[in-house]
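Reading through the structure tokens given below for one structure.
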Amino acid sequence: MIFKENSAPIILMFLGVLLGIGLYNFDTFQLNAINIGAFFLTVSCVNQGSVTSKINDRTIKFFRKLNVLIGILMIIAALLASGFKYYDLIESLINKVDTNALLLIGIAITLWSFKTSDIYNANALMKEKKKAEVNHRKYLKETEEKLNYQKEKLEYQEKNRCLKEHNNELVKYLEEATKTVEKLQEELEKRKNNGE
């Protein structure tokens with residue numbers, strides 16, 4: 001689409017300045033058409049911050065662009081419609097619209113969307129904070145489990161070292177006992193051979 005939704009505030013400011021300095025005398029139809037266009041441009045500025053669904057996000061972007069397009073077409077109609085074949089019909093339809101009420105509704109919708117967005121953002125921050133707390137608790141628990149595992153591993157290694165030392169001592173005693181038994185057997189063999 002040619003018109004982007006962020007062009008609406010610029011167009012509204014330009015129209016406000018143009019109307020304020022009074023370089024051009026607008027008739028009632030033109031003012032009403034400009035106000036209707038301004039309504040659509042104002043509604044196109046609805047804040048998107050509280051939209052969570054991608055489908056809703058695309059839908060709102062589409063309506064924002066559509067509102068900008070309608071707003072610009074209404075402003076163009078205000079400036080160029082006087083030579084149009086159905087000018088009288090368009091003029092009677094547009095002049096029946098209470099544009100002041102329409103603009104107030106547009107401003108209210110826009111402000112409401114910002115308030116809703118603030119509430120959504122506050123709730124999102126709370127959810128993020130709770131999620132961070134849960135993650136922190138999970139991290140602490142995992143760290144504690146790792147520390148306990150390391151402690152048990154060190155205790156096991158210490159016990160294993162003690163058992164190895166004890167085992168080495170038993171091997172030494174066994175070797176000494178074996179040597180003693182061998183000496184005794186040799187002594188017995190000698191005594192047998194000597195006839196004792």
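Starting from 1 in every chain, residues are counted up; chains themselves are A, B, ... following the order of the structure tokens, and ligands are numbered from 1 as listed.
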**OP:** Please return as JSON, numbers by chain: the residues of region 47-127 of chain A that backbone DSSP assigns to helix (DSSP H, G or I).
**Re:** {"A": [54, 55, 56, 57, 58, 59, 60, 61, 62, 63, 64, 65, 66, 67, 68, 69, 70, 71, 72, 73, 74, 75, 76, 77, 78, 79, 80, 81, 82, 83, 87, 88, 89, 90, 91, 92, 93, 94, 95, 99, 100, 101, 102, 103, 104, 105, 106, 107, 108, 109, 110, 111, 112, 113, 114, 115, 116, 117, 118, 119, 120, 121, 122, 123, 124, 125, 126, 127]}
Leaving out region 75-91 of chain A and any residue of its chain fewer than 3 positions from it, which residues lie within 9 Å of it when counting only C-alpha atoms, given as a PDB file with C-alpha atoms, in the first residue's frame?
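And here's around_12.pdb as it stands now:
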```pdb
ATOM      1  CA  PHE A  26     -12.994  25.954   3.572  1.00  0.00           C
ATOM      2  CA  PHE A  29     -18.565  20.304   3.267  1.00  0.00           C
ATOM      3  CA  GLN A  30     -14.781  20.584   3.054  1.00  0.00           C
ATOM      4  CA  LEU A  31     -14.399  21.020   6.808  1.00  0.00           C
ATOM      5  CA  ASN A  32     -16.665  18.026   7.465  1.00  0.00           C
ATOM      6  CA  ALA A  33     -14.816  15.870   4.911  1.00  0.00           C
ATOM      7  CA  ILE A  34     -11.463  16.901   6.433  1.00  0.00           C
ATOM      8  CA  ASN A  35     -12.787  16.086   9.922  1.00  0.00           C
ATOM      9  CA  ILE A  36     -14.032  12.666   8.774  1.00  0.00           C
ATOM     10  CA  GLY A  37     -10.639  12.061   7.162  1.00  0.00           C
ATOM     11  CA  ALA A  38      -8.978  13.196  10.391  1.00  0.00           C
ATOM     12  CA  ILE A  70      -9.860   6.378   3.741  1.00  0.00           C
ATOM     13  CA  GLY A  71      -8.684   9.445   5.666  1.00  0.00           C
ATOM     14  CA  ILE A  72      -6.513  10.639   2.791  1.00  0.00           C
ATOM     15  CA  ILE A  94     -20.971  14.158   4.632  1.00  0.00           C
ATOM     16  CA  ASN A  95     -22.756  17.217   6.038  1.00  0.00           C
ATOM     17  CA  LYS A  96     -25.143  14.913   7.966  1.00  0.00           C
TER      18      LYS A  96
END
```
Original post:
So which one's closest to Pro9 (chain A), A:Val68, A:Ile60, A:Leu140, A:Val97? Using only C-alpha atoms, please.
Top reply: A:Val68
